[in-house]
$ cat run_38.tsv   # TSV, C-alpha atoms
chain	number	residue	atom	x	y	z
A	1	ASN	CA	25.78	14.94	15.14
A	2	GLN	CA	22.31	13.47	15.01
A	3	ASN	CA	21.70	14.30	11.36
A	4	GLY	CA	25.00	12.95	10.18
A	5	SER	CA	24.53	9.52	11.67
A	6	ALA	CA	20.91	9.39	10.48
A	7	VAL	CA	22.07	9.91	6.91
A	8	LYS	CA	24.64	7.15	7.15
A	9	LYS	CA	22.28	4.58	8.63
A	10	PHE	CA	19.27	3.39	6.74
A	11	LYS	CA	15.99	4.93	7.82
A	12	ARG	CA	14.68	3.05	10.81
A	13	PHE	CA	11.07	3.24	9.77
A	14	GLU	CA	8.52	1.48	11.89
A	15	SER	CA	4.97	0.43	10.98
A	16	TYR	CA	3.63	-0.21	14.47
A	17	LYS	CA	4.92	-0.05	18.01
A	18	ARG	CA	2.13	-2.01	19.70
A	19	ASP	CA	0.13	-4.96	18.45
A	20	ASN	CA	-3.21	-3.24	19.14
A	21	GLN	CA	-2.52	-0.62	16.46
A	22	PHE	CA	-3.58	-2.82	13.54
A	23	PRO	CA	-6.59	-1.57	11.54
A	24	PRO	CA	-9.71	-3.54	12.62
A	25	ARG	CA	-10.24	-4.86	9.10
A	26	VAL	CA	-7.30	-7.26	9.42
A	27	ARG	CA	-9.80	-9.71	10.90
A	28	ASP	CA	-11.07	-10.53	7.39
A	29	LEU	CA	-7.66	-11.99	6.45
A	30	ALA	CA	-7.62	-9.54	3.56
A	31	ILE	CA	-4.93	-7.15	2.35
A	32	VAL	CA	-5.41	-3.89	4.25
A	33	MET	CA	-3.91	-0.54	3.28
A	34	ASP	CA	-3.05	1.62	6.28
A	35	LYS	CA	-2.16	4.97	4.76
A	36	HIS	CA	-1.87	6.69	8.09
A	37	ASN	CA	1.00	4.43	9.07
A	38	GLN	CA	2.40	4.13	5.50
A	39	THR	CA	1.93	0.41	5.78
A	40	ILE	CA	0.28	-2.45	3.98
A	41	VAL	CA	-0.90	-5.33	6.15
A	42	LEU	CA	-0.83	-8.78	4.54
A	43	PRO	CA	-2.56	-11.95	5.79
A	44	ILE	CA	-0.04	-14.77	6.23
A	45	MET	CA	-1.37	-18.00	7.74
A	46	GLY	CA	-3.91	-16.27	9.95
A	47	ARG	CA	-1.67	-13.48	11.08
A	48	PRO	CA	-1.69	-9.84	9.99
A	49	VAL	CA	1.85	-8.98	8.88
A	50	PRO	CA	2.76	-5.33	8.31
A	51	PHE	CA	5.16	-4.17	5.61
A	52	HIS	CA	6.21	-0.54	5.54
A	53	ILE	CA	5.87	1.24	2.19
A	54	GLN	CA	9.64	1.84	2.29
A	55	THR	CA	10.24	-1.92	1.88
A	56	ILE	CA	8.06	-2.16	-1.22
A	57	LYS	CA	9.40	-1.94	-4.75
A	58	ASN	CA	6.15	-2.26	-6.70
A	59	ALA	CA	2.95	-4.25	-7.10
A	60	SER	CA	1.21	-5.70	-10.12
A	61	LYS	CA	-2.11	-7.37	-10.78
A	62	SER	CA	-2.77	-10.09	-13.34
A	63	ASP	CA	-5.64	-12.41	-14.23
A	64	GLU	CA	-5.57	-16.13	-14.85
A	65	GLY	CA	-8.64	-18.30	-15.14
A	66	ASP	CA	-11.12	-17.57	-12.37
A	67	PHE	CA	-8.60	-15.78	-10.21
A	68	SER	CA	-6.84	-12.46	-10.06
A	69	TYR	CA	-3.32	-12.34	-8.70
A	70	LEU	CA	-1.56	-9.55	-6.89
A	71	ARG	CA	2.20	-9.74	-6.71
A	72	ILE	CA	3.99	-7.43	-4.32
A	73	ASN	CA	7.73	-7.04	-4.88
A	74	PHE	CA	9.95	-5.84	-2.07
A	75	LEU	CA	13.31	-4.14	-2.16
A	76	SER	CA	16.12	-6.62	-1.70
A	77	PRO	CA	19.79	-6.82	-2.62
A	78	GLY	CA	20.92	-7.80	-6.09
A	79	GLN	CA	18.13	-6.09	-8.00
A	80	GLY	CA	20.18	-3.14	-9.16
A	81	VAL	CA	17.58	-0.76	-7.78
A	82	GLY	CA	16.85	0.84	-4.45
A	83	ARG	CA	18.98	3.33	-2.66
A	84	LYS	CA	21.56	1.77	-0.42
A	85	ASP	CA	20.66	3.92	2.58
A	86	ASP	CA	17.12	2.54	2.63
A	87	GLN	CA	17.98	-0.88	3.93
A	88	PRO	CA	20.64	-2.59	5.96
A	89	PHE	CA	22.43	-4.04	2.95
A	90	GLU	CA	25.56	-3.91	5.10
A	91	ASP	CA	24.23	-6.95	6.99
A	92	ALA	CA	25.41	-9.48	4.44
A	93	THR	CA	23.75	-12.40	6.19
A	94	ALA	CA	20.20	-11.00	6.28
A	95	HIS	CA	17.44	-12.84	4.43
A	96	PHE	CA	14.84	-10.79	2.61
A	97	VAL	CA	11.24	-11.37	1.69
A	98	ARG	CA	11.47	-10.58	-2.00
A	99	SER	CA	7.91	-11.07	-3.17
A	100	LEU	CA	4.48	-12.23	-2.05
A	101	THR	CA	1.69	-13.29	-4.38
A	102	PHE	CA	-1.98	-13.43	-3.37
A	103	ARG	CA	-5.05	-14.55	-5.25
A	104	SER	CA	-8.72	-13.65	-5.00
A	105	HIS	CA	-11.86	-13.50	-7.12
A	106	GLU	CA	-12.02	-9.73	-6.79
A	107	GLY	CA	-9.87	-8.38	-9.60
A	108	ASP	CA	-11.09	-4.81	-9.22
A	109	ARG	CA	-10.12	-4.70	-5.59
A	110	PHE	CA	-6.66	-6.08	-6.41
A	111	GLN	CA	-6.26	-3.43	-9.14
A	112	ASN	CA	-7.20	-0.76	-6.61
A	113	ILE	CA	-4.67	-2.08	-4.13
A	114	ALA	CA	-1.94	-2.12	-6.81
A	115	ASN	CA	-2.79	1.49	-7.69
A	116	GLU	CA	-2.87	2.54	-4.06
A	117	ILE	CA	0.50	0.94	-3.44
A	118	SER	CA	2.11	2.85	-6.30
A	119	ASN	CA	0.50	6.11	-5.17
A	120	MET	CA	1.63	5.56	-1.61
A	121	LYS	CA	5.09	4.70	-2.88
A	122	LYS	CA	5.24	7.85	-5.04
A	123	GLU	CA	4.21	10.00	-2.09
A	124	ALA	CA	6.78	8.39	0.18
A	125	VAL	CA	9.56	8.99	-2.37
A	126	LYS	CA	8.44	12.59	-2.82
A	127	LYS	CA	8.37	13.23	0.92
A	128	GLU	CA	11.80	11.68	1.25
A	129	GLN	CA	13.19	13.96	-1.46
A	130	GLU	CA	11.66	17.05	0.10
A	131	LYS	CA	13.21	16.09	3.40
A	132	LYS	CA	16.61	15.64	1.80
A	133	GLU	CA	16.38	19.02	0.07
A	134	LEU	CA	15.55	20.64	3.39
A	135	GLU	CA	18.51	18.95	5.02
A	136	ASP	CA	20.86	20.15	2.27
B	1	MET	CA	-13.91	-30.71	37.69
B	2	ALA	CA	-12.70	-27.18	37.14
B	3	ARG	CA	-13.35	-25.84	33.68
B	4	GLU	CA	-12.72	-22.56	31.90
B	5	SER	CA	-14.61	-21.57	28.79
B	6	PHE	CA	-14.31	-18.81	26.21
B	7	ASP	CA	-16.79	-17.69	23.57
B	8	ASN	CA	-16.27	-16.37	20.02
B	9	ILE	CA	-13.13	-18.37	19.42
B	10	PHE	CA	-12.05	-19.46	15.93
B	11	LEU	CA	-10.46	-22.90	15.49
B	12	ASP	CA	-7.79	-23.25	12.78
B	13	LEU	CA	-8.95	-20.22	10.76
B	14	SER	CA	-12.56	-21.44	10.84
B	15	LYS	CA	-15.27	-19.34	9.22
B	16	GLN	CA	-17.57	-19.53	12.23
B	17	SER	CA	-16.69	-18.96	15.82
B	18	GLY	CA	-17.43	-21.29	18.69
B	19	LYS	CA	-16.91	-22.04	22.32
B	20	CYS	CA	-13.58	-23.22	23.63
B	21	ARG	CA	-13.38	-25.15	26.89
B	22	PHE	CA	-10.27	-26.01	28.85
B	23	ALA	CA	-10.13	-28.68	31.53
B	24	GLU	CA	-7.50	-30.77	33.24
B	25	ASN	CA	-7.79	-33.63	30.74
B	26	GLY	CA	-7.57	-31.42	27.65
B	27	PHE	CA	-9.44	-28.83	25.67
B	28	ALA	CA	-12.38	-28.82	23.29
B	29	TRP	CA	-13.95	-26.54	20.70
B	30	LYS	CA	-17.47	-26.58	19.36
B	31	VAL	CA	-18.97	-24.26	16.77
B	32	SER	CA	-21.85	-22.13	18.07
B	33	GLY	CA	-25.03	-24.15	17.67
B	34	GLY	CA	-23.12	-27.13	16.29
B	35	SER	CA	-22.93	-30.67	17.55
B	36	GLU	CA	-19.49	-31.90	16.52
B	37	THR	CA	-16.68	-31.30	18.97
B	38	PHE	CA	-12.98	-31.02	18.31
B	39	THR	CA	-10.87	-32.25	21.22
B	40	VAL	CA	-7.24	-32.36	22.21
B	41	GLU	CA	-6.04	-34.52	25.09
B	42	ALA	CA	-3.79	-32.91	27.65
B	43	GLY	CA	-1.09	-35.54	27.17
B	44	THR	CA	-0.59	-34.60	23.52
B	45	ILE	CA	0.16	-30.93	24.23
B	46	ALA	CA	3.83	-30.05	23.81
B	47	GLY	CA	3.78	-26.27	24.16
B	48	SER	CA	1.69	-23.14	23.86
B	49	GLN	CA	2.06	-19.58	22.68
B	50	TRP	CA	0.13	-16.34	22.99
B	51	SER	CA	0.30	-13.71	20.27
B	52	ARG	CA	-1.64	-11.15	18.31
B	53	ALA	CA	-3.50	-12.68	15.35
B	54	ALA	CA	-6.23	-11.60	12.92
B	55	LYS	CA	-9.45	-11.88	14.94
B	56	GLY	CA	-7.87	-10.97	18.22
B	57	TYR	CA	-5.29	-12.77	20.28
B	58	GLU	CA	-4.29	-16.32	19.49
B	59	VAL	CA	-3.39	-19.33	21.55
B	60	LYS	CA	-1.27	-21.59	19.40
B	61	VAL	CA	-0.94	-25.08	20.83
B	62	TYR	CA	1.93	-27.23	19.60
B	63	LEU	CA	1.28	-30.95	19.76
B	64	ARG	CA	3.75	-33.75	20.35
B	65	ASN	CA	3.31	-35.02	16.79
B	66	SER	CA	4.59	-31.68	15.36
B	67	ASP	CA	1.05	-30.64	14.53
B	68	MET	CA	-0.50	-27.47	15.91
B	69	VAL	CA	-3.87	-26.00	16.80
B	70	GLN	CA	-4.64	-22.32	16.29
B	71	LEU	CA	-7.29	-20.71	18.50
B	72	ASP	CA	-7.92	-17.09	17.53
B	73	GLY	CA	-10.31	-14.49	18.93
B	74	PHE	CA	-9.26	-14.11	22.55
B	75	ALA	CA	-9.27	-10.67	24.16
B	76	GLN	CA	-6.04	-9.09	25.31
B	77	GLU	CA	-7.29	-9.35	28.91
B	78	ASP	CA	-7.73	-13.13	28.63
B	79	PHE	CA	-4.00	-13.67	28.85
B	80	GLU	CA	-3.81	-13.86	32.61
B	81	ARG	CA	-6.68	-16.32	32.89
B	82	LEU	CA	-5.28	-18.52	30.12
B	83	SER	CA	-1.79	-18.36	31.48
B	84	LYS	CA	-3.04	-19.57	34.86
B	85	LEU	CA	-5.08	-22.40	33.42
B	86	PHE	CA	-2.21	-23.66	31.28
B	87	LYS	CA	-0.09	-23.74	34.40
B	88	ASN	CA	-2.74	-25.40	36.56
B	89	PHE	CA	-4.15	-27.86	34.05
B	90	TYR	CA	-1.13	-28.72	31.91
B	91	SER	CA	1.83	-27.60	34.04
B	92	MET	CA	3.20	-25.43	31.27
B	93	ASN	CA	3.85	-21.80	30.47
B	94	LEU	CA	1.71	-20.01	27.97
B	95	GLU	CA	4.59	-18.24	26.32
B	96	HIS	CA	3.86	-14.61	25.41
B	97	LYS	CA	5.36	-14.41	21.92
B	98	GLU	CA	5.60	-10.87	20.69
B	99	HIS	CA	5.76	-10.54	16.94
B	100	ALA	CA	7.81	-8.13	14.89
B	101	ILE	CA	5.48	-5.36	13.73
B	102	ARG	CA	8.03	-2.84	12.48
B	103	GLY	CA	7.17	-3.58	8.88
B	104	TRP	CA	10.63	-4.69	7.79
B	105	ASN	CA	11.18	-7.29	5.08
B	106	TRP	CA	14.59	-8.47	6.20
B	107	GLY	CA	15.52	-10.86	8.98
B	108	LYS	CA	16.35	-14.53	9.34
B	109	GLY	CA	14.38	-17.52	8.25
B	110	GLU	CA	14.62	-20.15	10.96
B	111	PHE	CA	13.43	-23.74	10.80
B	112	GLY	CA	11.49	-24.91	13.85
B	113	LYS	CA	9.90	-28.25	14.53
B	114	ALA	CA	6.57	-27.55	12.86
B	115	GLU	CA	7.08	-24.28	11.04
B	116	LEU	CA	9.44	-21.89	9.33
B	117	ALA	CA	9.65	-18.60	11.20
B	118	PHE	CA	10.83	-15.37	9.64
B	119	ASN	CA	12.45	-13.49	12.50
B	120	VAL	CA	13.05	-9.76	12.52
B	121	GLN	CA	15.31	-8.73	15.38
B	122	ASN	CA	14.73	-12.08	17.05
B	123	ARG	CA	10.95	-11.78	16.93
B	124	PRO	CA	8.87	-13.69	14.40
B	125	ALA	CA	7.19	-11.52	11.76
B	126	PHE	CA	5.27	-14.57	10.54
B	127	GLU	CA	5.37	-18.36	10.59
B	128	ILE	CA	4.73	-20.86	7.81
B	129	PRO	CA	3.64	-24.32	8.96
B	130	TYR	CA	5.47	-26.92	6.85
B	131	SER	CA	2.12	-28.59	6.21
B	132	GLU	CA	1.06	-25.62	4.06
B	133	ILE	CA	4.03	-25.74	1.68
B	134	THR	CA	3.60	-27.73	-1.54
B	135	ASN	CA	6.76	-26.87	-3.38
B	136	THR	CA	9.99	-24.96	-3.11
B	137	ASN	CA	12.53	-24.19	-5.78
B	138	LEU	CA	15.60	-22.18	-6.53
B	139	ALA	CA	14.05	-19.49	-8.70
B	140	GLY	CA	17.25	-17.64	-9.43
B	141	LYS	CA	20.64	-16.82	-7.99
B	142	ASN	CA	20.05	-16.34	-4.26
B	143	GLU	CA	16.29	-16.61	-4.73
B	144	VAL	CA	14.10	-19.30	-3.20
B	145	ALA	CA	10.43	-19.60	-4.12
B	146	VAL	CA	7.98	-21.24	-1.70
B	147	GLU	CA	4.59	-22.29	-3.07
B	148	PHE	CA	1.58	-22.82	-0.84
B	149	SER	CA	-1.06	-25.46	-1.11
B	150	LEU	CA	-4.39	-23.96	-2.06
B	151	PRO	CA	-7.67	-25.82	-2.22
B	152	ALA	CA	-9.09	-25.57	-5.74
B	153	ASN	CA	-12.35	-24.66	-4.12
B	154	GLY	CA	-12.15	-22.09	-1.32
B	155	ASP	CA	-14.85	-23.92	0.64
B	156	ASP	CA	-12.74	-27.05	0.85
B	157	THR	CA	-11.47	-27.03	4.40
B	158	GLY	CA	-10.57	-30.70	4.73
B	159	THR	CA	-13.21	-31.05	7.42
B	160	ASN	CA	-16.15	-31.56	5.07
B	161	GLY	CA	-17.71	-28.29	6.08
B	162	SER	CA	-18.16	-29.44	9.66
B	163	LEU	CA	-16.44	-27.75	12.61
B	164	GLY	CA	-17.52	-24.33	11.35
B	165	GLY	CA	-15.14	-24.47	8.42
B	166	ALA	CA	-12.04	-25.09	10.52
B	167	ARG	CA	-9.11	-25.83	8.26
B	168	GLU	CA	-7.02	-28.91	8.27
B	169	LYS	CA	-3.40	-29.11	7.23
B	170	GLY	CA	-2.72	-27.89	3.72
B	171	LYS	CA	-5.89	-25.82	3.62
B	172	LYS	CA	-4.96	-22.81	5.69
B	173	SER	CA	-4.00	-20.37	2.95
B	174	GLY	CA	-7.50	-20.81	1.54
B	175	ALA	CA	-9.03	-19.27	4.66
B	176	GLY	CA	-8.18	-15.72	3.68
B	177	MET	CA	-10.27	-13.37	1.62
B	178	ASP	CA	-6.88	-12.86	-0.04
B	179	GLN	CA	-5.00	-16.15	-0.29
B	180	LEU	CA	-1.25	-16.44	-0.21
B	181	VAL	CA	-0.01	-18.31	-3.28
B	182	GLU	CA	3.74	-17.86	-3.33
B	183	MET	CA	6.53	-16.26	-1.36
B	184	ARG	CA	10.06	-15.57	-2.56
B	185	PHE	CA	13.09	-15.06	-0.38
B	186	TYR	CA	16.45	-13.54	-1.10
B	187	ILE	CA	19.09	-15.67	0.59
B	188	PRO	CA	22.62	-14.27	0.45
B	189	GLY	CA	25.42	-16.32	-1.12
B	190	VAL	CA	27.48	-18.60	1.10
B	191	THR	CA	30.87	-16.95	0.76
B	192	THR	CA	32.50	-14.44	-1.52
B	193	LYS	CA	35.24	-16.99	-2.06
B	194	LYS	CA	32.82	-19.40	-3.63
B	195	GLU	CA	31.39	-16.72	-5.87
B	196	ALA	CA	34.86	-15.85	-7.04
B	197	LEU	CA	35.45	-19.49	-7.88
B	198	GLU	CA	32.20	-19.70	-9.81
B	199	GLY	CA	33.30	-16.62	-11.68
B	200	GLU	CA	36.48	-18.37	-12.74
B	201	ASP	CA	34.54	-21.34	-14.02
B	202	ALA	CA	32.48	-19.07	-16.21

$ encode --input "run_38.tsv" --output "structure tokens"
Amino acid sequence: NQNGSAVKKFKRFESYKRDNQFPPRVRDLAIVMDKHNQTIVLPIMGRPVPFHIQTIKNASKSDEGDFSYLRINFLSPGQGVGRKDDQPFEDATAHFVRSLTFRSHEGDRFQNIANEISNMKKEAVKKEQEKKELED
Amino acid sequence: MARESFDNIFLDLSKQSGKCRFAENGFAWKVSGGSETFTVEAGTIAGSQWSRAAKGYEVKVYLRNSDMVQLDGFAQEDFERLSKLFKNFYSMNLEHKEHAIRGWNWGKGEFGKAELAFNVQNRPAFEIPYSEITNTNLAGKNEVAVEFSLPANGDDTGTNGSLGGAREKGKKSGAGMDQLVEMRFYIPGVTTKKEALEGEDA
């Protein structure tokens, strides 16, 4: 039964299938929100690195001196949150990226990104619940 | 002598693009309209990789001294030409390295010669050159924090503003509009046996 096994396994979400699907703005080495693909693309050492909204726990912005900081927390084991079916917690040897912190001089933009992440997250959770209700 | 050149190429996350020339004795990069040239001799090249990067496609050249050179901005169609020239000029494969783009945050951190790769299903999601790490610490149980070196001034590239703002070692995170400061990993415990023992101690 296709549904049964899908429920047992974590959701195999996928940001991109091909490397030409990145939004063009990744060339600025800036954080790019890609709502269409439910993904946030982060610049890491010159490379655009996608993270699906399903991997994200939350994001927060803070200010210190001349810079604003954006910290993105990801779901990982041992946090006491996150539904077990979301991630392959059964692979006990997996490493997780738990958080990434970026800085910039544009505090407003970081605040917008933090807000957008939580909105995107809320929508994803809502969609997931609606799906589950339909399945039940 | 045979030469191959490419325009609009970015050297080591440089601000400005330039021309990149490959020849049998090595390769060179010069910012558009600039005078200073960055060169790498063929004998110092240890390996090369082709992957998707920020400006376009990237040729990453690993050097014998564990250093590396990043050349970004190639077109997808350039692969064949580059692959041929690496074979002809340097007798080596330009390895097509596909990155993980599924958007997952779990995988395996693996230590290479020059960089730490985070692999998702055996494909790197990203790489961290060791030269860009200033500090690491155990931030909590099963949590490792990695701090990146960031120039106090974003314009500090280590190349005194020459070479179109190409970035030397320890300056790469500063290239971004958004600059990576810190990364934390969850690393699972060694064995359950050990945890049980620790529990007894407490």

$ closest_residue --input "run_38.tsv" --among "B:Arg102, B:Arg167, B:Lys55, B:Lys113" --to "Leu11 (chain B)" --atoms "all atoms listed in the file"
B:Arg167

$ interface_residues --input "run_38.tsv" --of "chain B" --to "chain A" --cutoff "8 Å" --atoms "only C-alpha atoms" --output "PDB file with C-alpha atoms, keeping the file's coordinate frame"
ATOM      1  CA  LEU B  13      -8.950 -20.220  10.760  1.00  0.00           C
ATOM      2  CA  ARG B  52      -1.640 -11.150  18.310  1.00  0.00           C
ATOM      3  CA  ALA B  53      -3.500 -12.680  15.350  1.00  0.00           C
ATOM      4  CA  ALA B  54      -6.230 -11.600  12.920  1.00  0.00           C
ATOM      5  CA  LYS B  55      -9.450 -11.880  14.940  1.00  0.00           C
ATOM      6  CA  GLY B  56      -7.870 -10.970  18.220  1.00  0.00           C
ATOM      7  CA  ILE B 101       5.480  -5.360  13.730  1.00  0.00           C
ATOM      8  CA  ARG B 102       8.030  -2.840  12.480  1.00  0.00           C
ATOM      9  CA  GLY B 103       7.170  -3.580   8.880  1.00  0.00           C
ATOM     10  CA  TRP B 104      10.630  -4.690   7.790  1.00  0.00           C
ATOM     11  CA  ASN B 105      11.180  -7.290   5.080  1.00  0.00           C
ATOM     12  CA  TRP B 106      14.590  -8.470   6.200  1.00  0.00           C
ATOM     13  CA  GLY B 107      15.520 -10.860   8.980  1.00  0.00           C
ATOM     14  CA  LYS B 108      16.350 -14.530   9.340  1.00  0.00           C
ATOM     15  CA  GLY B 109      14.380 -17.520   8.250  1.00  0.00           C
ATOM     16  CA  ALA B 125       7.190 -11.520  11.760  1.00  0.00           C
ATOM     17  CA  PHE B 126       5.270 -14.570  10.540  1.00  0.00           C
ATOM     18  CA  GLU B 127       5.370 -18.360  10.590  1.00  0.00           C
ATOM     19  CA  ILE B 128       4.730 -20.860   7.810  1.00  0.00           C
ATOM     20  CA  LYS B 172      -4.960 -22.810   5.690  1.00  0.00           C
ATOM     21  CA  SER B 173      -4.000 -20.370   2.950  1.00  0.00           C
ATOM     22  CA  ALA B 175      -9.030 -19.270   4.660  1.00  0.00           C
ATOM     23  CA  GLY B 176      -8.180 -15.720   3.680  1.00  0.00           C
ATOM     24  CA  MET B 177     -10.270 -13.370   1.620  1.00  0.00           C
ATOM     25  CA  ASP B 178      -6.880 -12.860  -0.040  1.00  0.00           C
ATOM     26  CA  GLN B 179      -5.000 -16.150  -0.290  1.00  0.00           C
ATOM     27  CA  LEU B 180      -1.250 -16.440  -0.210  1.00  0.00           C
ATOM     28  CA  VAL B 181      -0.010 -18.310  -3.280  1.00  0.00           C
ATOM     29  CA  GLU B 182       3.740 -17.860  -3.330  1.00  0.00           C
ATOM     30  CA  MET B 183       6.530 -16.260  -1.360  1.00  0.00           C
ATOM     31  CA  ARG B 184      10.060 -15.570  -2.560  1.00  0.00           C
ATOM     32  CA  PHE B 185      13.090 -15.060  -0.380  1.00  0.00           C
ATOM     33  CA  TYR B 186      16.450 -13.540  -1.100  1.00  0.00           C
ATOM     34  CA  ILE B 187      19.090 -15.670   0.590  1.00  0.00           C
ATOM     35  CA  PRO B 188      22.620 -14.270   0.450  1.00  0.00           C
TER      36      PRO B 188
END

$ atom_distance --input "run_38.tsv" --atom1 "CA of Asn135 (chain B)" --atom2 "CA of Ala59 (chain A)"
23.2 Å

$ residues_around --input "run_38.tsv" --residues "region 158-163 of chain B" --least-positions-apart "3" --cutoff "10 Å" --atoms "only C-alpha atoms" --output "count of residues only"
26

$ atom_distance --input "run_38.tsv" --atom1 "CA of Ser62 (chain A)" --atom2 "CA of Glu147 (chain B)"
17.6 Å

$ residues_around --input "run_38.tsv" --residues "Ala42 (chain B)" --least-positions-apart "3" --cutoff "10 Å" --atoms "all atoms listed in the file" --output "number ranges by chain"
B: 22-27, 39, 45-46, 63, 89-90

$ atom_distance --input "run_38.tsv" --atom1 "CA of Val69 (chain B)" --atom2 "CA of Asn137 (chain B)"
28.0 Å

$ closest_residue --input "run_38.tsv" --among "B:Glu41, B:Ser5, B:Tyr62, B:Glu95" --to "Gly112 (chain B)" --atoms "only C-alpha atoms"
B:Tyr62

$ axis_aligned_box --input "run_38.tsv" --around "region 32-47 of chain A" --padding-each-side "6 Å" --output "JSON"
{"center_x": -1.5, "center_y": -5.7, "center_z": 7.2, "size_x": 19.8, "size_y": 36.7, "size_z": 19.8}
